[in-house]
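Visitor: Supplied structure: structure_11.cif, mmCIF, C-alpha atoms and all ligand atoms.
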data_data
#
loop_
_atom_site.label_atom_id
_atom_site.label_comp_id
_atom_site.auth_asym_id
_atom_site.auth_seq_id
_atom_site.Cartn_x
_atom_site.Cartn_y
_atom_site.Cartn_z
CA MET V 1 250.00 72.62 -12.98
CA GLU V 2 247.03 72.28 -15.35
CA HIS V 3 248.77 69.55 -17.36
CA ALA V 4 250.20 67.48 -14.50
CA GLY V 5 250.46 63.81 -15.43
CA LYS V 6 249.84 64.33 -19.15
CA HIS V 7 252.31 63.25 -21.80
CA ALA V 8 252.95 66.01 -24.35
CA LEU V 9 254.97 65.62 -27.54
CA VAL V 10 256.49 68.57 -29.38
CA THR V 11 258.28 67.91 -32.67
CA GLY V 12 261.11 70.33 -33.29
CA GLY V 13 260.98 70.96 -29.54
CA GLY V 14 264.71 71.57 -29.23
CA SER V 15 264.64 75.09 -30.64
CA GLY V 16 262.57 78.18 -31.38
CA ILE V 17 258.78 78.03 -31.26
CA GLY V 18 258.71 74.35 -30.27
CA LYS V 19 261.13 74.83 -27.39
CA GLY V 20 259.01 77.68 -26.03
CA ILE V 21 255.86 75.55 -26.08
CA ALA V 22 257.63 72.48 -24.66
CA LEU V 23 259.09 74.43 -21.76
CA ALA V 24 255.74 76.04 -20.91
CA LEU V 25 254.04 72.63 -20.96
CA ALA V 26 256.74 71.22 -18.65
CA HIS V 27 256.23 74.14 -16.27
CA ALA V 28 252.49 73.35 -16.36
CA GLY V 29 253.19 69.80 -15.18
CA ALA V 30 253.30 67.78 -18.40
CA GLU V 31 255.94 65.15 -19.11
CA VAL V 32 257.16 66.45 -22.45
CA THR V 33 258.90 64.53 -25.22
CA ILE V 34 260.84 66.90 -27.46
CA THR V 35 262.00 65.61 -30.83
CA GLY V 36 264.37 66.61 -33.60
CA ARG V 37 267.36 65.35 -35.57
CA ARG V 38 270.14 67.11 -33.61
CA ALA V 39 270.97 65.27 -30.39
CA ASP V 40 273.07 68.15 -29.00
CA THR V 41 270.30 70.71 -29.54
CA LEU V 42 267.77 68.41 -27.88
CA ALA V 43 270.08 67.73 -24.92
CA THR V 44 270.66 71.45 -24.36
CA ALA V 45 266.91 72.11 -24.40
CA ALA V 46 266.11 69.10 -22.19
CA ALA V 47 268.53 70.43 -19.56
CA LEU V 48 266.20 73.42 -19.07
CA HIS V 49 263.59 71.40 -17.15
CA PRO V 50 263.48 67.93 -15.55
CA ARG V 51 260.20 67.12 -17.34
CA LEU V 52 261.69 67.69 -20.81
CA ASN V 53 262.77 64.41 -22.45
CA ALA V 54 264.82 64.31 -25.64
CA LEU V 55 264.04 61.91 -28.47
CA GLU V 56 265.93 61.84 -31.77
CA MET V 57 263.35 61.56 -34.52
CA ASP V 58 263.34 62.61 -38.17
CA VAL V 59 259.80 63.54 -39.26
CA THR V 60 260.57 62.64 -42.88
CA ASP V 61 261.28 59.04 -41.85
CA GLU V 62 258.13 56.98 -41.28
CA ALA V 63 259.78 54.33 -39.12
CA SER V 64 261.53 56.97 -37.03
CA VAL V 65 258.21 58.71 -36.29
CA ARG V 66 256.10 55.62 -35.69
CA GLU V 67 258.70 53.84 -33.55
CA GLY V 68 259.78 57.03 -31.76
CA ILE V 69 256.27 58.07 -30.73
CA ALA V 70 255.29 54.52 -29.73
CA ALA V 71 258.43 54.29 -27.56
CA ALA V 72 257.75 57.67 -25.95
CA ALA V 73 254.15 56.62 -25.21
CA ALA V 74 255.38 53.36 -23.66
CA LEU V 75 257.48 55.45 -21.25
CA ARG V 76 255.16 58.40 -20.55
CA GLY V 77 251.67 57.36 -21.58
CA PRO V 78 249.27 58.29 -24.39
CA VAL V 79 250.11 61.54 -26.18
CA ARG V 80 247.49 63.87 -24.70
CA ILE V 81 249.03 67.01 -26.22
CA CYS V 82 250.70 66.80 -29.62
CA VAL V 83 252.35 69.79 -31.25
CA ALA V 84 253.44 69.09 -34.85
CA ASN V 85 255.88 71.97 -35.07
CA ALA V 86 258.94 70.59 -36.88
CA GLY V 87 259.42 72.36 -40.16
CA ILE V 88 261.72 74.03 -42.61
CA ALA V 89 261.34 77.30 -44.51
CA GLU V 90 263.31 77.64 -47.72
CA GLY V 91 262.48 79.97 -50.54
CA GLY V 92 263.28 80.99 -54.09
CA PRO V 93 261.52 81.89 -57.31
CA PHE V 94 258.94 79.34 -58.45
CA ALA V 95 260.59 78.95 -61.87
CA GLN V 96 263.81 77.80 -60.22
CA THR V 97 262.21 75.44 -57.71
CA THR V 98 263.31 71.89 -58.49
CA LEU V 99 261.18 68.82 -57.94
CA ALA V 100 263.72 67.77 -55.30
CA ASP V 101 263.20 71.12 -53.46
CA TRP V 102 259.44 70.63 -53.66
CA ARG V 103 259.54 67.05 -52.39
CA HIS V 104 261.92 67.93 -49.55
CA MET V 105 259.50 70.61 -48.35
CA MET V 106 256.49 68.29 -48.65
CA ALA V 107 258.34 65.48 -46.85
CA THR V 108 259.24 67.67 -43.88
CA ASN V 109 256.30 70.03 -43.40
CA LEU V 110 253.42 67.95 -44.72
CA ASP V 111 254.37 64.26 -44.42
CA GLY V 112 255.91 65.10 -41.03
CA ALA V 113 252.64 66.50 -39.66
CA PHE V 114 250.64 63.59 -41.12
CA LEU V 115 252.93 60.95 -39.58
CA THR V 116 253.17 62.77 -36.25
CA PHE V 117 249.40 63.13 -35.80
CA GLN V 118 248.67 59.59 -36.98
CA ALA V 119 251.26 58.06 -34.64
CA ALA V 120 250.14 60.23 -31.71
CA LEU V 121 246.45 59.40 -32.24
CA ALA V 122 247.35 55.69 -32.26
CA THR V 123 248.53 55.99 -28.64
CA LEU V 124 245.11 57.21 -27.41
CA GLY V 125 242.26 55.15 -25.99
CA ASP V 126 238.74 55.84 -27.32
CA ASP V 127 237.83 58.11 -24.39
CA ASP V 128 241.16 59.92 -23.98
CA ALA V 129 240.92 63.69 -24.34
CA ALA V 130 243.69 65.24 -26.39
CA ARG V 131 244.83 68.46 -28.03
CA MET V 132 246.49 68.33 -31.44
CA ILE V 133 248.15 71.50 -32.69
CA VAL V 134 250.02 72.05 -35.92
CA VAL V 135 252.31 75.03 -36.40
CA SER V 136 251.28 76.44 -39.77
CA SER V 137 252.09 80.06 -40.70
CA ILE V 138 250.59 83.18 -42.22
CA ALA V 139 251.65 81.30 -45.38
CA GLY V 140 248.85 78.87 -44.49
CA VAL V 141 246.18 81.54 -44.99
CA ARG V 142 247.68 83.68 -47.76
CA GLY V 143 250.17 83.13 -50.56
CA LEU V 144 253.79 84.17 -50.08
CA LYS V 145 255.82 84.96 -53.19
CA ASN V 146 259.15 83.17 -53.57
CA ALA V 147 257.96 80.53 -51.12
CA ILE V 148 255.51 78.43 -53.11
CA PRO V 149 256.36 74.95 -51.71
CA TYR V 150 256.35 76.40 -48.17
CA THR V 151 253.00 78.11 -48.83
CA VAL V 152 251.54 74.85 -50.14
CA THR V 153 252.66 72.87 -47.08
CA LYS V 154 251.34 75.46 -44.65
CA HIS V 155 247.96 75.53 -46.45
CA GLY V 156 248.05 71.72 -46.44
CA VAL V 157 248.39 71.35 -42.69
CA ILE V 158 245.34 73.57 -42.25
CA GLY V 159 243.43 71.11 -44.43
CA LEU V 160 244.76 68.38 -42.17
CA ILE V 161 243.39 69.88 -38.94
CA ARG V 162 240.10 70.91 -40.54
CA GLY V 163 239.50 67.40 -41.88
CA LEU V 164 240.56 65.73 -38.64
CA SER V 165 238.33 68.00 -36.57
CA GLU V 166 235.39 66.63 -38.56
CA GLU V 167 236.53 63.00 -38.58
CA TYR V 168 237.12 62.89 -34.80
CA MET V 169 234.10 65.05 -33.85
CA ARG V 170 232.63 62.39 -31.56
CA ARG V 171 235.83 62.12 -29.54
CA PRO V 172 237.19 64.62 -26.97
CA ILE V 173 240.05 65.68 -29.22
CA THR V 174 240.59 69.09 -30.79
CA PHE V 175 242.73 69.91 -33.84
CA ASN V 176 243.89 73.47 -34.41
CA ALA V 177 246.59 75.41 -36.25
CA LEU V 178 248.79 78.27 -35.14
CA CYS V 179 249.55 80.72 -37.94
CA PRO V 180 252.38 82.99 -36.83
CA GLY V 181 253.90 85.80 -38.83
CA TYR V 182 257.68 86.25 -38.68
CA VAL V 183 259.05 85.06 -35.33
CA ASP V 184 262.57 85.74 -34.04
CA THR V 185 263.98 82.18 -34.34
CA ALA V 186 266.73 80.40 -36.26
CA ILE V 187 264.54 80.27 -39.37
CA VAL V 188 264.39 84.07 -39.53
CA ARG V 189 267.97 84.61 -38.30
CA GLY V 190 269.20 82.33 -41.08
CA GLN V 191 267.80 84.71 -43.68
CA LEU V 192 269.64 87.77 -42.36
CA PRO V 193 273.09 87.31 -44.01
CA GLY V 194 271.50 86.99 -47.46
CA LEU V 195 269.35 90.09 -46.94
CA MET V 196 272.34 92.08 -45.61
CA ARG V 197 274.28 91.29 -48.77
CA ARG V 198 271.39 91.80 -51.15
CA PHE V 199 270.20 95.14 -49.76
CA ASP V 200 273.56 96.35 -48.36
CA VAL V 201 272.14 96.84 -44.85
CA ASP V 202 273.32 95.92 -41.35
CA GLU V 203 271.69 93.20 -39.25
CA GLN V 204 269.03 95.54 -37.85
CA GLY V 205 268.27 96.70 -41.40
CA ALA V 206 267.74 93.08 -42.44
CA ILE V 207 265.52 92.43 -39.41
CA ASP V 208 263.47 95.52 -40.34
CA ILE V 209 262.97 94.16 -43.88
CA ILE V 210 261.61 90.86 -42.55
CA ALA V 211 259.54 92.59 -39.86
CA LYS V 212 257.67 94.51 -42.59
CA GLY V 213 255.94 91.19 -43.28
CA ASN V 214 254.22 91.49 -39.90
CA ARG V 215 251.39 94.02 -39.81
CA HIS V 216 252.80 95.77 -36.74
CA ARG V 217 256.27 95.76 -38.34
CA ARG V 218 258.16 94.02 -35.57
CA LEU V 219 259.31 90.45 -35.23
CA LEU V 220 257.20 88.28 -32.95
CA GLN V 221 258.88 86.84 -29.89
CA VAL V 222 258.58 83.13 -29.10
CA ASP V 223 256.45 83.76 -25.98
CA GLU V 224 253.69 85.10 -28.23
CA THR V 225 253.32 81.74 -29.98
CA THR V 226 253.75 79.88 -26.68
CA GLY V 227 250.84 81.79 -25.16
CA ALA V 228 248.50 80.88 -28.01
CA ALA V 229 249.48 77.20 -27.82
CA MET V 230 248.95 77.09 -24.06
CA TRP V 231 245.49 78.58 -24.48
CA LEU V 232 244.61 75.93 -27.10
CA CYS V 233 245.77 73.26 -24.62
CA SER V 234 243.74 74.74 -21.76
CA ASP V 235 240.41 73.38 -20.58
CA ALA V 236 238.79 76.69 -21.53
CA ALA V 237 239.59 76.02 -25.23
CA ARG V 238 237.88 72.60 -25.29
CA SER V 239 235.31 73.78 -27.86
CA VAL V 240 237.83 75.44 -30.17
CA ASN V 241 238.24 72.90 -32.95
CA GLY V 242 239.34 73.03 -36.58
CA GLN V 243 240.48 76.64 -36.23
CA THR V 244 243.41 78.74 -37.40
CA ILE V 245 244.83 81.20 -34.87
CA GLU V 246 246.67 84.04 -36.63
CA ILE V 247 249.43 85.70 -34.61
CA SER V 248 250.83 88.40 -36.84
CA GLY V 249 250.20 91.83 -35.37
CA GLY V 250 247.09 92.47 -37.45
CA GLN V 251 244.93 90.99 -40.15
CA VAL V 252 246.91 88.83 -42.55
P1 LIG V 301 263.61 76.40 -35.80
O1 LIG V 301 264.52 76.20 -36.96
O2 LIG V 301 264.16 76.84 -34.51
O3 LIG V 301 262.75 75.11 -35.55
C1 LIG V 301 262.52 74.10 -36.51
C2 LIG V 301 262.57 72.78 -35.79
O4 LIG V 301 262.15 71.75 -36.67
C3 LIG V 301 263.98 72.45 -35.31
O5 LIG V 301 263.96 72.14 -33.93
C4 LIG V 301 264.38 71.26 -36.16
O6 LIG V 301 265.15 70.34 -35.41
C5 LIG V 301 263.03 70.66 -36.52
N1 LIG V 301 263.09 69.93 -37.79
C6 LIG V 301 263.33 70.41 -39.02
N2 LIG V 301 263.35 69.40 -39.91
C7 LIG V 301 263.14 68.26 -39.20
C8 LIG V 301 263.08 66.88 -39.55
N3 LIG V 301 263.24 66.45 -40.81
N4 LIG V 301 262.84 66.00 -38.56
C9 LIG V 301 262.67 66.40 -37.30
N5 LIG V 301 262.72 67.67 -36.89
C10 LIG V 301 262.97 68.59 -37.85
O7 LIG V 301 262.52 77.47 -36.32
P2 LIG V 301 261.06 77.84 -35.77
O8 LIG V 301 260.94 77.57 -34.33
O9 LIG V 301 260.79 79.19 -36.29
O10 LIG V 301 260.13 76.84 -36.62
C11 LIG V 301 259.16 75.99 -36.03
C12 LIG V 301 257.93 75.93 -36.92
O11 LIG V 301 257.34 77.21 -36.97
C13 LIG V 301 258.20 75.52 -38.36
O12 LIG V 301 257.21 74.61 -38.78
C14 LIG V 301 258.06 76.83 -39.12
O13 LIG V 301 257.66 76.64 -40.45
C15 LIG V 301 257.00 77.51 -38.29
N6 LIG V 301 256.91 78.95 -38.46
C16 LIG V 301 258.00 79.75 -38.18
C17 LIG V 301 257.91 81.11 -38.34
C18 LIG V 301 259.07 82.03 -38.07
O14 LIG V 301 259.02 83.18 -38.52
N7 LIG V 301 260.09 81.63 -37.34
C19 LIG V 301 256.67 81.73 -38.79
C20 LIG V 301 255.58 80.80 -39.02
C21 LIG V 301 255.72 79.47 -38.85
P3 LIG V 301 266.42 69.57 -36.05
O15 LIG V 301 267.09 70.51 -37.00
O16 LIG V 301 267.24 69.20 -34.86
O17 LIG V 301 265.84 68.37 -36.72
#
With the file now loaded, output its structure as structure tokens.

Guide:
Amino acid sequence: MEHAGKHALVTGGGSGIGKGIALALAHAGAEVTITGRRADTLATAAALHPRLNALEMDVTDEASVREGIAAAAALRGPVRICVANAGIAEGGPFAQTTLADWRHMMATNLDGAFLTFQAALATLGDDDAARMIVVSSIAGVRGLKNAIPYTVTKHGVIGLIRGLSEEYMRRPITFNALCPGYVDTAIVRGQLPGLMRRFDVDEQGAIDIIAKGNRHRRLLQVDETTGAAMWLCSDAARSVNGQTIEISGGQV
């Protein structure tokens, strides 16, 4: 129960990587606010543990984030663990990427992390210790073809945690990024039908194509990202600050 009494906030906590982290934090004693746009998805996830609390919040909407996080803090206290995980992953050739595609990606993955961290930091007193984690990607540390806006946002959030780690150096707050390879979640599963059609393969064949992007050639499971996040939240990681943790089966 290392996190008993702490308020944790996980954006996109109703599914995939965020749900795994939120549930582990609840098991470790934290009161966890999980956010997202889909009320049904959040309710299903919140039913998994009595310390999971659903909050509808769209990270592209400034008022939604600021008011949502302030309301959650009024109920459960300052946000001592903040996981900016909400994100989308859409791809396509650069030449066919529209400005609307680009702005949608920036609004979700980059503006969302900015607003989430700023609103969470505003709930803290000067001496409050806190852990701030952003879920970046291997696309945050290397370029991915056919995913230029995504690559830019995932590089951008690493700039965010690096800058914040310097700006808040005198306070007991750490800022770090998780950089997973391909994880078996809805984001990956959503790509399978297109790959099956394009390469005339069955579902396992499509999974194998995606898994080649991980150095050990298998999809990551959610518990592998959960474990890294829980270590970053642990007392033992209190001097790990401004870092990127790659979870991809090998060197990226
Ligand atoms: P999911 O699709 O399961 O999770 C994405 C979450 O983000 C959902 O819960 C979704 O909730 C939320 N979300 C998306 N847009 C918004 C929005 N505008 N406002 C609020 N919430 C939003 O996939 P993952 O768990 O895989 O993705 C989580 C993070 O991990 C993402 O940032 C992704 O880029 C990153 N990542 C994923 C990898 C993978 O291979 N799966 C690899 C590396 C990084 P809702 O739709 O209800 O709003």

Visitor: Just want the 9 Å neighbourhood of segment 135-144 of chain V, counted on only C-alpha atoms, with same-chain residues fewer than 4 positions away dropped. Output as an mmCIF file with C-alpha atoms, keeping the file's coordinate frame.

Guide:
data_model
loop_
_atom_site.group_PDB
_atom_site.id
_atom_site.type_symbol
_atom_site.label_atom_id
_atom_site.label_comp_id
_atom_site.auth_asym_id
_atom_site.auth_seq_id
_atom_site.Cartn_x
_atom_site.Cartn_y
_atom_site.Cartn_z
ATOM 1 C CA ILE V 17 258.780 78.030 -31.260
ATOM 2 C CA GLY V 18 258.710 74.350 -30.270
ATOM 3 C CA VAL V 83 252.350 69.790 -31.250
ATOM 4 C CA ALA V 84 253.440 69.090 -34.850
ATOM 5 C CA ASN V 85 255.880 71.970 -35.070
ATOM 6 C CA ALA V 86 258.940 70.590 -36.880
ATOM 7 C CA GLY V 87 259.420 72.360 -40.160
ATOM 8 C CA ASN V 109 256.300 70.030 -43.400
ATOM 9 C CA ILE V 148 255.510 78.430 -53.110
ATOM 10 C CA TYR V 150 256.350 76.400 -48.170
ATOM 11 C CA THR V 151 253.000 78.110 -48.830
ATOM 12 C CA VAL V 152 251.540 74.850 -50.140
ATOM 13 C CA THR V 153 252.660 72.870 -47.080
ATOM 14 C CA LYS V 154 251.340 75.460 -44.650
ATOM 15 C CA HIS V 155 247.960 75.530 -46.450
ATOM 16 C CA GLY V 156 248.050 71.720 -46.440
ATOM 17 C CA VAL V 157 248.390 71.350 -42.690
ATOM 18 C CA ILE V 158 245.340 73.570 -42.250
ATOM 19 C CA ASN V 176 243.890 73.470 -34.410
ATOM 20 C CA ALA V 177 246.590 75.410 -36.250
ATOM 21 C CA LEU V 178 248.790 78.270 -35.140
ATOM 22 C CA CYS V 179 249.550 80.720 -37.940
ATOM 23 C CA PRO V 180 252.380 82.990 -36.830
ATOM 24 C CA GLY V 181 253.900 85.800 -38.830
ATOM 25 C CA TYR V 182 257.680 86.250 -38.680
ATOM 26 C CA THR V 244 243.410 78.740 -37.400
ATOM 27 C CA GLU V 246 246.670 84.040 -36.630
ATOM 28 C CA ILE V 247 249.430 85.700 -34.610
ATOM 29 C CA SER V 248 250.830 88.400 -36.840
ATOM 30 C CA VAL V 252 246.910 88.830 -42.550
#

Visitor: How far is it from atom CA of Val65 of chain V to atom O11 of ligand LIG 301 (chain V), in Å with one decimal?

Guide: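 Those two atoms sit 18.5 Å apart.
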
Visitor: Counting all atoms listed in the file, what is within 12 Å of Leu52 of chain V, bar same-chain residues fewer than 2 positions away, as a PyMOL selection string?

Guide: chain V and resi 7-10+13-14+18-35+42-50+54-55+72+76

Visitor: Under the rule that all atoms listed in the file are counted, which of V:Ile245, V:Val134, V:Ile161, V:Ala70 is the nearest residue to ligand LIG 301 (chain V)?

Guide: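 Residue with the minimum atom-to-atom distance to ligand LIG 301 (chain V): V:Val134.
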
Visitor: Box for ligand LIG 301 (chain V): with edges along x, y and z, all listed atoms inside and 3 Å added on each side, what are the centre and edge lengths in Å to one decimal, as lines of an AutoDock Vina configuration file?

Guide:
center_x = 261.4
center_y = 74.6
center_z = -37.4
size_x = 17.7
size_y = 23.2
size_z = 12.9

Visitor: For ligand LIG 301 (chain V), which residue among V:Met1, V:Ala228, V:Ala122, V:Ala107 is the nearest when counting all atoms listed in the file?

Guide: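 Of all the options, V:Ala107 lies closest to ligand LIG 301 (chain V).
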
Visitor: Calculated over all atoms listed in the file, which of the candidates V:Arg189, V:Arg38, V:Arg217, V:Arg80 has the smallest distance to Gly125 of chain V?

Guide: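 Ranking V:Arg189, V:Arg38, V:Arg217, V:Arg80 by distance to Gly125 of chain V, first place goes to V:Arg80.
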
Visitor: For Gly159 of chain V, which of V:Gly112, V:Gly242, V:Pro172, V:Pro193 is the closest residue, counting all atoms listed in the file?

Guide: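 Of the candidates, the smallest distance to Gly159 of chain V is held by V:Gly242.
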
Visitor: Return the single residue from V:Val79, V:Met57, V:Leu99, V:Ala129 that is closest to Met169 of chain V, with distances computed using all atoms listed in the file.

Guide: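 The closest residue to Met169 of chain V is V:Ala129.
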
Visitor: Atom CA of Gln251 of chain V to atom CA of Arg215 of chain V: how many Å, to one decimal?

Guide: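 Those two atoms sit 7.1 Å apart.
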
Visitor: Quick one: pull the distance between atom N6 of ligand LIG 301 (chain V) and atom CA of Asp40 of chain V, Å, one decimal.

Guide: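 Atom-to-atom, atom N6 of ligand LIG 301 (chain V) to atom CA of Asp40 of chain V, that is 21.6 Å.
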
Visitor: Restricting the calculation to all atoms listed in the file, which member of V:Glu62, V:Glu166, V:Asp126, V:Asp184 is positioned closest to ligand LIG 301 (chain V)?

Guide: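 When distances to ligand LIG 301 (chain V) are compared using all atoms listed in the file, the smallest one comes from V:Asp184.
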
Visitor: Compile the contact shell of Val240 of chain V as JSON, numbers by chain: residues with an atom at most 9 Å away, counting all atoms listed in the file, same-chain residues fewer than 5 positions apart removed.

Guide: {"V": [174, 175, 176, 232]}
